[in-house]
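The file structure-v3.txt contains compact mmCIF, C-alpha atoms:
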# COMPACT_ATOMS: atom_id res chain seq x y z
CA MET A 1 55.17 -28.37 23.06
CA PRO A 2 53.94 -30.59 25.91
CA GLU A 3 50.42 -32.02 25.59
CA ALA A 4 49.07 -29.72 28.33
CA ALA A 5 50.32 -26.64 26.49
CA LEU A 6 48.91 -27.98 23.22
CA ALA A 7 45.56 -28.61 24.91
CA ASP A 8 45.59 -25.05 26.27
CA PHE A 9 46.30 -23.68 22.82
CA LEU A 10 43.50 -25.79 21.31
CA ARG A 11 41.06 -24.66 24.03
CA SER A 12 41.96 -21.04 23.30
CA ARG A 13 41.02 -21.56 19.63
CA ALA A 14 37.92 -23.66 20.22
CA GLU A 15 34.48 -22.30 19.43
CA GLY A 16 32.45 -23.69 22.29
CA ASP A 17 33.70 -27.28 22.35
CA LEU A 18 34.29 -27.38 18.59
CA LEU A 19 37.81 -27.16 17.23
CA PRO A 20 37.98 -25.64 13.73
CA TRP A 21 40.22 -27.38 11.19
CA ALA A 22 42.41 -24.27 10.82
CA ALA A 23 43.16 -24.41 14.57
CA GLN A 24 43.98 -28.11 14.32
CA VAL A 25 46.46 -27.34 11.52
CA GLU A 26 47.92 -24.40 13.45
CA GLY A 27 48.24 -26.55 16.57
CA ALA A 28 50.21 -29.08 14.54
CA ALA A 29 52.50 -26.39 13.11
CA ARG A 30 53.14 -24.75 16.50
CA SER A 31 53.69 -27.94 18.46
CA GLY A 32 55.53 -29.91 15.81
CA ALA A 33 53.07 -32.73 16.44
CA GLY A 34 51.23 -34.49 13.63
CA LEU A 35 47.59 -33.79 12.85
CA ALA A 36 46.68 -37.16 14.37
CA GLU A 37 48.34 -36.23 17.68
CA VAL A 38 46.59 -32.86 17.68
CA GLU A 39 43.26 -34.61 17.11
CA LEU A 40 44.02 -36.95 20.00
CA ALA A 41 44.96 -34.02 22.27
CA ALA A 42 41.77 -32.20 21.31
CA LEU A 43 39.53 -35.20 21.97
CA ARG A 44 41.26 -35.87 25.28
CA ALA A 45 40.62 -32.24 26.21
CA GLY A 46 36.92 -32.79 25.47
CA LEU A 47 37.06 -30.80 22.22
CA LEU A 48 35.40 -32.13 19.10
CA PRO A 49 37.23 -31.44 15.83
CA ALA A 50 34.60 -29.44 13.94
CA ARG A 51 34.83 -31.79 10.96
CA TYR A 52 32.96 -34.35 13.10
CA ARG A 53 30.20 -31.93 14.07
CA ARG A 54 27.57 -33.81 12.08
CA ASN A 55 28.56 -37.05 13.81
CA ARG A 56 27.09 -35.40 16.89
CA SER A 57 24.09 -36.93 18.60
CA THR A 58 25.12 -40.15 16.87
CA LEU A 59 28.61 -40.11 18.40
CA THR A 60 29.82 -38.39 21.56
CA VAL A 61 33.28 -36.86 22.01
CA GLU A 62 34.20 -40.02 23.96
CA ASP A 63 32.98 -42.16 21.05
CA GLN A 64 35.02 -40.05 18.67
CA LEU A 65 38.09 -40.54 20.88
CA ARG A 66 37.49 -44.28 20.88
CA LEU A 67 37.29 -44.29 17.07
CA HIS A 68 40.46 -42.20 16.86
CA LEU A 69 42.29 -44.76 18.99
CA SER A 70 40.99 -47.68 16.89
CA ARG A 71 42.86 -49.61 14.25
CA VAL A 72 40.73 -51.22 11.56
CA GLY A 73 41.94 -53.64 8.89
CA ILE A 74 40.49 -53.31 5.39
CA VAL A 75 41.35 -56.33 3.30
CA GLY A 76 40.79 -55.55 -0.37
CA CYS A 77 40.66 -51.96 -1.63
CA GLY A 78 38.45 -52.43 -4.70
CA GLY A 79 34.65 -52.24 -4.93
CA LEU A 80 33.75 -52.78 -1.28
CA GLY A 81 37.16 -51.62 -0.06
CA GLY A 82 37.01 -48.18 -1.66
CA TYR A 83 33.82 -47.35 0.22
CA LEU A 84 35.11 -48.97 3.41
CA VAL A 85 38.20 -46.74 3.29
CA GLU A 86 36.23 -43.59 2.49
CA GLU A 87 33.57 -44.07 5.15
CA LEU A 88 35.87 -45.23 7.94
CA ALA A 89 38.24 -42.31 7.29
CA ARG A 90 35.37 -39.80 7.30
CA LEU A 91 33.91 -41.41 10.43
CA GLY A 92 37.18 -40.71 12.23
CA VAL A 93 38.80 -44.11 12.70
CA GLY A 94 42.38 -43.27 13.67
CA THR A 95 44.34 -45.98 11.90
CA LEU A 96 43.42 -47.90 8.76
CA VAL A 97 45.46 -50.96 7.81
CA LEU A 98 45.01 -51.55 4.08
CA VAL A 99 45.83 -54.81 2.33
CA ASP A 100 45.62 -55.29 -1.46
CA PRO A 101 48.16 -56.51 -4.02
CA ASP A 102 46.43 -55.08 -7.10
CA VAL A 103 46.57 -52.02 -9.34
CA PHE A 104 43.51 -50.28 -10.78
CA GLU A 105 42.32 -51.57 -14.14
CA GLU A 106 39.82 -50.20 -16.61
CA HIS A 107 37.10 -52.70 -15.67
CA ASN A 108 37.17 -51.29 -12.09
CA LEU A 109 35.90 -47.88 -13.22
CA ASN A 110 32.20 -48.83 -13.21
CA ARG A 111 32.10 -49.15 -9.42
CA GLN A 112 35.36 -48.82 -7.51
CA LEU A 113 35.21 -45.48 -5.72
CA LEU A 114 38.96 -44.89 -5.73
CA SER A 115 39.48 -45.76 -9.41
CA THR A 116 39.78 -42.99 -11.99
CA PRO A 117 41.19 -43.00 -15.51
CA ALA A 118 44.17 -41.02 -14.24
CA ARG A 119 45.03 -43.71 -11.68
CA LEU A 120 44.85 -46.77 -13.93
CA GLY A 121 47.92 -48.86 -13.23
CA ALA A 122 48.42 -47.32 -9.76
CA ALA A 123 48.48 -49.59 -6.69
CA LYS A 124 45.09 -49.61 -4.97
CA VAL A 125 46.57 -49.26 -1.48
CA GLU A 126 48.63 -46.24 -2.57
CA VAL A 127 45.61 -44.52 -4.15
CA ALA A 128 43.66 -45.30 -0.97
CA ARG A 129 46.45 -43.78 1.13
CA ASP A 130 46.35 -40.62 -1.01
CA ARG A 131 42.57 -40.46 -0.71
CA VAL A 132 42.65 -40.71 3.09
CA ALA A 133 45.36 -38.03 3.23
CA GLU A 134 43.07 -35.80 1.18
CA VAL A 135 39.83 -36.58 3.03
CA ASN A 136 41.04 -36.84 6.62
CA PRO A 137 44.72 -36.02 7.15
CA ALA A 138 44.33 -36.82 10.87
CA ALA A 139 43.82 -40.51 10.00
CA THR A 140 46.86 -42.75 9.73
CA VAL A 141 47.19 -45.32 6.95
CA VAL A 142 49.32 -48.44 7.09
CA ALA A 143 49.41 -49.81 3.53
CA HIS A 144 50.43 -53.36 2.63
CA ARG A 145 50.67 -53.99 -1.09
CA GLU A 146 50.40 -57.74 -0.82
CA ALA A 147 47.81 -60.47 -1.00
CA LEU A 148 46.44 -61.65 2.33
CA SER A 149 47.02 -65.33 3.06
CA ALA A 150 46.95 -67.74 5.95
CA ALA A 151 50.72 -67.24 6.17
CA ASN A 152 50.89 -63.44 6.47
CA GLY A 153 47.42 -62.58 7.81
CA ALA A 154 48.29 -62.53 11.50
CA ARG A 155 51.28 -60.27 10.82
CA LEU A 156 49.32 -57.85 8.62
CA LEU A 157 46.28 -57.57 10.90
CA ALA A 158 47.90 -57.76 14.34
CA GLY A 159 46.62 -55.09 16.70
CA CYS A 160 43.41 -54.40 14.77
CA SER A 161 40.23 -53.87 16.78
CA ALA A 162 38.11 -55.00 13.83
CA VAL A 163 38.61 -56.17 10.26
CA ALA A 164 36.40 -55.43 7.25
CA ASP A 165 36.28 -57.83 4.32
CA GLY A 166 36.61 -56.22 0.89
CA LEU A 167 37.95 -59.31 -0.88
CA ASP A 168 36.86 -60.71 -4.23
CA SER A 169 37.50 -64.40 -3.62
CA VAL A 170 35.63 -66.90 -1.46
CA ARG A 171 38.81 -68.92 -1.00
CA VAL A 172 40.78 -65.97 0.41
CA ARG A 173 37.77 -65.02 2.55
CA ARG A 174 38.00 -68.44 4.20
CA GLU A 175 41.64 -67.69 5.00
CA LEU A 176 40.76 -64.22 6.30
CA ALA A 177 38.02 -65.66 8.53
CA ALA A 178 40.51 -68.19 9.92
CA VAL A 179 43.13 -65.47 10.52
CA CYS A 180 40.56 -63.36 12.40
CA ARG A 181 39.48 -66.36 14.47
CA GLY A 182 43.13 -66.97 15.32
CA LEU A 183 43.67 -63.35 16.33
CA GLY A 184 40.36 -63.15 18.19
CA VAL A 185 39.45 -60.06 16.13
CA PRO A 186 35.88 -59.46 14.95
CA LEU A 187 35.44 -59.71 11.18
CA VAL A 188 32.74 -57.86 9.24
CA HIS A 189 32.10 -59.90 6.13
CA GLY A 190 30.57 -58.50 2.97
CA ALA A 191 30.25 -60.02 -0.49
CA ILE A 192 28.47 -58.99 -3.66
CA ALA A 193 27.39 -60.26 -7.08
CA GLY A 194 25.18 -58.31 -9.47
CA TRP A 195 22.05 -57.11 -7.65
CA TYR A 196 22.82 -59.29 -4.65
CA GLY A 197 24.89 -58.99 -1.52
CA GLN A 198 25.40 -60.40 1.94
CA VAL A 199 26.74 -59.09 5.23
CA ALA A 200 27.60 -60.93 8.43
CA VAL A 201 29.77 -60.46 11.50
CA GLN A 202 32.11 -63.11 12.88
CA LEU A 203 32.72 -62.37 16.55
CA PRO A 204 35.66 -64.00 18.34
CA GLY A 205 34.75 -67.63 19.04
CA ALA A 206 32.23 -67.80 16.18
CA ASP A 207 32.72 -69.08 12.62
CA LEU A 208 31.07 -67.73 9.48
CA SER A 209 32.63 -70.37 7.20
CA PRO A 210 29.17 -71.81 6.34
CA LEU A 211 28.74 -68.68 4.20
CA LEU A 212 31.99 -69.35 2.41
CA ARG A 213 31.43 -72.71 0.73
CA GLU A 214 34.52 -74.24 -0.75
CA THR A 215 34.08 -74.70 -4.51
CA PRO A 216 36.55 -75.67 -7.24
CA GLY A 217 36.82 -72.11 -8.59
CA GLY A 218 36.78 -70.28 -5.26
CA LYS A 219 34.49 -67.65 -6.84
CA GLY A 220 30.74 -67.02 -6.80
CA ILE A 221 28.10 -65.97 -9.31
CA GLU A 222 29.80 -62.55 -9.68
CA THR A 223 31.94 -64.19 -12.37
CA ALA A 224 28.77 -64.36 -14.50
CA LEU A 225 26.91 -61.31 -13.15
CA GLY A 226 29.68 -58.77 -12.63
CA ASN A 227 29.11 -55.98 -10.10
CA PRO A 228 27.30 -52.68 -10.77
CA ALA A 229 28.03 -49.33 -9.08
CA PHE A 230 25.45 -49.45 -6.32
CA THR A 231 25.83 -52.93 -4.82
CA PRO A 232 29.30 -52.39 -3.30
CA ALA A 233 28.22 -48.99 -1.93
CA VAL A 234 25.21 -50.53 -0.15
CA VAL A 235 27.03 -53.54 1.25
CA ALA A 236 30.15 -51.60 2.30
CA SER A 237 28.00 -49.03 4.10
CA LEU A 238 26.27 -51.78 6.07
CA GLN A 239 29.71 -53.18 6.92
CA VAL A 240 30.90 -49.78 8.16
CA ALA A 241 27.85 -49.48 10.42
CA GLU A 242 28.76 -52.87 11.90
CA VAL A 243 32.43 -51.88 12.34
CA ALA A 244 31.38 -48.66 14.10
CA LYS A 245 29.10 -50.60 16.47
CA LEU A 246 31.84 -53.11 17.25
CA LEU A 247 34.39 -50.37 17.97
CA LEU A 248 31.96 -48.46 20.17
CA GLY A 249 30.26 -51.42 21.83
CA ARG A 250 26.89 -50.08 20.77
CA GLY A 251 23.74 -51.60 19.28
CA LYS A 252 23.21 -55.17 18.19
CA ALA A 253 25.84 -56.76 15.97
CA LEU A 254 24.88 -58.76 12.88
CA ALA A 255 26.36 -61.82 14.55
CA GLY A 256 25.01 -65.37 14.44
CA ARG A 257 22.98 -64.39 11.39
CA VAL A 258 23.50 -63.22 7.84
CA LEU A 259 21.73 -60.45 6.00
CA HIS A 260 21.06 -61.33 2.37
CA LEU A 261 20.20 -58.44 0.03
CA ASP A 262 18.26 -58.68 -3.21
CA LEU A 263 18.28 -55.17 -4.67
CA LEU A 264 16.31 -56.26 -7.72
CA GLU A 265 13.28 -57.39 -5.69
CA MET A 266 14.40 -55.01 -2.90
CA ARG A 267 14.11 -57.71 -0.27
CA PHE A 268 16.43 -58.15 2.70
CA GLU A 269 16.39 -61.64 4.25
CA GLU A 270 17.88 -62.30 7.66
CA LEU A 271 18.98 -65.90 8.13
CA PRO A 272 20.37 -67.65 11.19
CA LEU A 273 23.98 -68.69 10.83
CA GLY A 274 24.91 -71.99 12.42
CA MET B 275 7.95 -87.00 0.57
CA LYS B 276 6.94 -83.37 0.24
CA LEU B 277 9.47 -80.56 0.71
CA THR B 278 9.07 -76.83 0.52
CA VAL B 279 11.90 -75.38 -1.52
CA LYS B 280 12.73 -71.66 -1.51
CA LEU B 281 15.11 -70.29 -4.10
CA PHE B 282 16.82 -66.91 -3.92
CA ALA B 283 18.46 -64.37 -6.24
CA THR B 284 19.45 -65.77 -9.65
CA PHE B 285 18.25 -69.27 -8.77
CA ARG B 286 14.69 -68.01 -9.25
CA GLN B 287 15.27 -67.24 -12.91
CA GLY B 288 13.49 -69.85 -14.99
CA ARG B 289 12.52 -71.73 -11.82
CA PHE B 290 10.43 -70.43 -8.91
CA ALA B 291 10.67 -68.44 -5.68
CA GLU B 292 8.93 -71.09 -3.57
CA ALA B 293 7.44 -74.45 -4.45
CA GLU B 294 6.29 -77.65 -2.81
CA LEU B 295 8.13 -80.56 -4.42
CA GLU B 296 7.54 -84.30 -4.24
CA LEU B 297 10.82 -86.19 -3.84
CA ALA B 298 11.85 -89.76 -3.10
CA GLU B 299 12.67 -90.37 0.55
CA GLY B 300 16.39 -90.24 1.18
CA THR B 301 17.06 -87.72 -1.58
CA THR B 302 20.08 -85.57 -0.70
CA LEU B 303 20.19 -81.80 -1.04
CA GLY B 304 22.80 -82.31 -3.75
CA SER B 305 20.40 -84.46 -5.80
CA LEU B 306 17.64 -81.93 -5.20
CA ALA B 307 19.89 -79.20 -6.63
CA ASP B 308 20.84 -81.45 -9.57
CA GLY B 309 17.15 -82.04 -10.31
CA LEU B 310 16.59 -78.28 -10.36
CA ARG B 311 19.61 -77.88 -12.67
CA ILE B 312 21.35 -75.71 -10.07
CA PRO B 313 25.10 -76.23 -10.47
CA ARG B 314 26.47 -77.38 -7.11
CA GLU B 315 29.47 -75.04 -7.33
CA GLU B 316 27.09 -72.06 -7.58
CA ILE B 317 25.42 -72.80 -4.24
CA GLY B 318 26.34 -70.52 -1.36
CA ILE B 319 23.99 -70.72 1.60
CA LEU B 320 22.06 -73.96 1.98
CA MET B 321 19.58 -74.22 4.81
CA VAL B 322 17.08 -76.76 6.07
CA GLY B 323 14.54 -75.56 8.58
CA GLY B 324 16.59 -72.44 9.29
CA ARG B 325 19.81 -74.35 9.94
CA HIS B 326 22.88 -74.61 7.77
CA ALA B 327 23.13 -77.94 5.91
CA GLU B 328 25.56 -79.72 3.59
CA LEU B 329 24.85 -81.11 0.11
CA ALA B 330 24.99 -84.68 1.48
CA HIS B 331 22.21 -83.92 3.98
CA ARG B 332 18.97 -85.89 3.52
CA PRO B 333 16.00 -83.70 4.39
CA ALA B 334 12.96 -85.15 6.16
CA PRO B 335 9.38 -84.94 4.88
CA GLY B 336 7.94 -81.47 5.40
CA ASP B 337 11.31 -79.73 5.66
CA VAL B 338 11.78 -76.25 4.28
CA VAL B 339 14.91 -75.98 2.16
CA ALA B 340 16.41 -72.60 1.20
CA ILE B 341 19.09 -72.29 -1.48
CA PHE B 342 21.10 -69.11 -2.12
CA PRO B 343 23.81 -68.61 -4.73
CA LEU B 344 27.44 -68.18 -3.69
CA LEU B 345 28.42 -64.51 -3.62
CA GLY B 346 32.12 -63.85 -3.83
CA GLY B 347 32.61 -60.43 -5.38
CA GLY B 348 33.99 -57.34 -3.77
Would you encode the structure as structure tokens?
Amino acid sequence: MPEAALADFLRSRAEGDLLPWAAQVEGAARSGAGLAEVELAALRAGLLPARYRRNRSTLTVEDQLRLHLSRVGIVGCGGLGGYLVEELARLGVGTLVLVDPDVFEEHNLNRQLLSTPARLGAAKVEVARDRVAEVNPAATVVAHREALSAANGARLLAGCSAVADGLDSVRVRRELAAVCRGLGVPLVHGAIAGWYGQVAVQLPGADLSPLLRETPGGKGIETALGNPAFTPAVVASLQVAEVAKLLLGRGKALAGRVLHLDLLEMRFEELPLG
Amino acid sequence: MKLTVKLFATFRQGRFAEAELELAEGTTLGSLADGLRIPREEIGILMVGGRHAELAHRPAPGDVVAIFPLLGGG
């Protein structure tokens, strides 16, 4: 079915400018196109898939189209990464590139959104792929079950409009920041430890390495404090807001500064970076 | 020389949130941390007067030093 005919079909099933999910599925079945292509055709025809109805007023149909056409890298699919995947898929980002070499382990269950007892031992990127397929089948996942490094980073993240940091190592974060600088892709950094977290954006041409001090162990105080359930959810949500702004060219990015969160004293400090 | 030192997150435990300290001129930020028994490898953000600084930096009298722990979890 050519795109014009598909658009006509979708218009015929729209309620106002909202396209119900059932019509999106039927459009895919009739046209032989994937759900992602049907979503693209709908958005191009000015129709909003009804699942995004509550994005309205915050995001326009044009914004939603821009998100659909975006490719976002998520490096690390654990504590931060699970929430990054969930929120970006629900938001309507079209393509998620997931990078993580690990499988779920029992000590992940206290906080990692995608971990469940039934999925212990399963690869995090595969569980994330399944979750996206369940939550938003119109989103496309590219899963890389490997550890990001200076050597493979440019290959894994090529073509991304933005990258979100869900890593658990300061050393690898330095490599990720360098890869993003090399690619000229904005990086939304997040890191956590216990009650504490930090968020910052590295725009092309900038460098957030001062936040990533090189130490012998390459780890922070999370080795002593661990990470509770709520800290990754808070920090990842702030990261997703920054990713959305970068993709849409809206608002004021958390660039040239770092937001430091103390959830115990409930104080947020904004510090200049540089 | 007098310095204002601000500590954040876990560094406050058993120490202080903000204090005015008297230090010998030429003291480095590394020595300041040592004197506060803050392990150097635990330091993340280190700032003097709102600007990023290294451990070898020697603050000037009246400077405000802020020390945050290194956060690396995800």
Which is closest to Ala28 of chain A among A:Ala123, A:Gln112, A:Met1, A:Ala147, if we use only C-alpha atoms?
A:Met1
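Within 6 Å of chain A, counting only C-alpha atoms, chain B contributes B:Glu315, B:Gly318, B:Ile319, B:His326, B:Leu344, B:Leu345, B:Gly346, B:Gly347, B:Gly348.
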If we count only C-alpha atoms, what is near segment 327-334 of chain B at a cut-off of 8 Å, once residues fewer than 6 positions away on the same chain are taken out, given as JSON, numbers by chain?
{"B": [275, 277, 299, 300, 301, 302, 303, 304, 320, 321]}
Expected file contents, prior selection, C-alpha atoms, as a PDB file, in the coordinates of the input:
ATOM      1  CA  MET B 275       7.950 -87.000   0.570  1.00  0.00           C
ATOM      2  CA  LEU B 277       9.470 -80.560   0.710  1.00  0.00           C
ATOM      3  CA  GLU B 299      12.670 -90.370   0.550  1.00  0.00           C
ATOM      4  CA  GLY B 300      16.390 -90.240   1.180  1.00  0.00           C
ATOM      5  CA  THR B 301      17.060 -87.720  -1.580  1.00  0.00           C
ATOM      6  CA  THR B 302      20.080 -85.570  -0.700  1.00  0.00           C
ATOM      7  CA  LEU B 303      20.190 -81.800  -1.040  1.00  0.00           C
ATOM      8  CA  GLY B 304      22.800 -82.310  -3.750  1.00  0.00           C
ATOM      9  CA  LEU B 320      22.060 -73.960   1.980  1.00  0.00           C
ATOM     10  CA  MET B 321      19.580 -74.220   4.810  1.00  0.00           C
TER      11      MET B 321
END
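Residues in contact range of Ala138 of chain A, defined as at most 9 Å between all atoms listed in the file, with sequence neighbours fewer than 6 positions away removed, read Gly34, Leu35, Ala36, Glu37, Val38, Glu39, His68, Ala89, Gly92, Gly94 and Val132 of chain A.
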Kindly give the distance, in Å, that separates atom CA of Ala139 of chain A and atom CA of Val93 of chain A, rounded to a single decimal.
6.7 Å
Skip Ala253 of chain A itself and residues of its chain fewer than 4 positions away, then list as number ranges by chain all residues within 9 Å of it, counting only C-alpha atoms.
A: 200-201, 203, 242-243, 245-246
For Val339 of chain B: contacts at 7 Å, all atoms listed in the file, fewer than 6 positions along chain excluded, given as an MDAnalysis selection string:
chainID B and resid 278:280 321:323
Can you write segment 293-314 of chain B from the block above with N, CA, C and O atoms, as a short mmCIF file (atom, residue, chain, number, x, y, z; two decimals), in the first residue's frame?
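Output file part23.cif is given in full below:
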data_model
loop_
_atom_site.label_atom_id
_atom_site.label_comp_id
_atom_site.auth_asym_id
_atom_site.auth_seq_id
_atom_site.Cartn_x
_atom_site.Cartn_y
_atom_site.Cartn_z
N ALA B 293 32.61 25.52 56.90
CA ALA B 293 33.45 25.99 58.01
C ALA B 293 34.51 26.94 57.47
O ALA B 293 34.89 26.87 56.30
N GLU B 294 34.95 27.85 58.35
CA GLU B 294 36.07 28.71 57.99
C GLU B 294 37.31 28.09 58.63
O GLU B 294 37.34 27.85 59.84
N LEU B 295 38.29 27.76 57.80
CA LEU B 295 39.49 27.08 58.30
C LEU B 295 40.70 27.98 58.15
O LEU B 295 40.82 28.75 57.21
N GLU B 296 41.63 27.82 59.09
CA GLU B 296 42.90 28.56 59.05
C GLU B 296 43.97 27.60 58.53
O GLU B 296 44.19 26.54 59.12
N LEU B 297 44.58 27.94 57.41
CA LEU B 297 45.57 27.04 56.80
C LEU B 297 46.84 27.82 56.48
O LEU B 297 46.80 29.04 56.28
N ALA B 298 47.94 27.09 56.40
CA ALA B 298 49.21 27.72 56.03
C ALA B 298 49.13 28.16 54.57
O ALA B 298 48.54 27.46 53.75
N GLU B 299 49.72 29.31 54.28
CA GLU B 299 49.73 29.78 52.89
C GLU B 299 50.44 28.76 52.02
O GLU B 299 51.42 28.14 52.45
N GLY B 300 49.93 28.56 50.83
CA GLY B 300 50.56 27.61 49.93
C GLY B 300 50.05 26.18 50.07
O GLY B 300 50.48 25.29 49.35
N THR B 301 49.14 25.97 51.01
CA THR B 301 48.55 24.64 51.17
C THR B 301 47.80 24.27 49.90
O THR B 301 47.06 25.09 49.34
N THR B 302 47.99 23.05 49.42
CA THR B 302 47.24 22.60 48.22
C THR B 302 45.88 22.06 48.64
O THR B 302 45.65 21.72 49.80
N LEU B 303 45.00 21.94 47.65
CA LEU B 303 43.68 21.35 47.92
C LEU B 303 43.84 19.90 48.36
O LEU B 303 43.07 19.41 49.19
N GLY B 304 44.84 19.22 47.82
CA GLY B 304 45.09 17.84 48.22
C GLY B 304 45.43 17.75 49.70
O GLY B 304 44.89 16.89 50.42
N SER B 305 46.30 18.66 50.17
CA SER B 305 46.67 18.65 51.60
C SER B 305 45.47 19.03 52.46
O SER B 305 45.30 18.51 53.56
N LEU B 306 44.66 19.95 51.95
CA LEU B 306 43.44 20.33 52.68
C LEU B 306 42.56 19.10 52.87
O LEU B 306 42.07 18.83 53.98
N ALA B 307 42.38 18.33 51.79
CA ALA B 307 41.56 17.11 51.88
C ALA B 307 42.19 16.12 52.85
O ALA B 307 41.50 15.52 53.68
N ASP B 308 43.51 15.97 52.78
CA ASP B 308 44.21 15.04 53.68
C ASP B 308 43.95 15.43 55.13
O ASP B 308 43.68 14.58 55.98
N GLY B 309 44.04 16.75 55.40
CA GLY B 309 43.83 17.23 56.76
C GLY B 309 42.41 16.97 57.26
O GLY B 309 42.19 16.81 58.47
N LEU B 310 41.48 16.92 56.32
CA LEU B 310 40.07 16.64 56.69
C LEU B 310 39.80 15.13 56.67
O LEU B 310 38.66 14.71 56.88
N ARG B 311 40.82 14.35 56.41
CA ARG B 311 40.70 12.88 56.31
C ARG B 311 39.69 12.48 55.23
O ARG B 311 38.93 11.54 55.37
N ILE B 312 39.69 13.25 54.14
CA ILE B 312 38.88 12.89 52.97
C ILE B 312 39.80 12.17 51.99
O ILE B 312 40.76 12.78 51.49
N PRO B 313 39.56 10.89 51.75
CA PRO B 313 40.43 10.16 50.81
C PRO B 313 40.40 10.82 49.43
O PRO B 313 39.32 11.10 48.90
N ARG B 314 41.58 11.07 48.86
CA ARG B 314 41.63 11.78 47.59
C ARG B 314 40.87 11.06 46.48
O ARG B 314 40.29 11.71 45.60
#
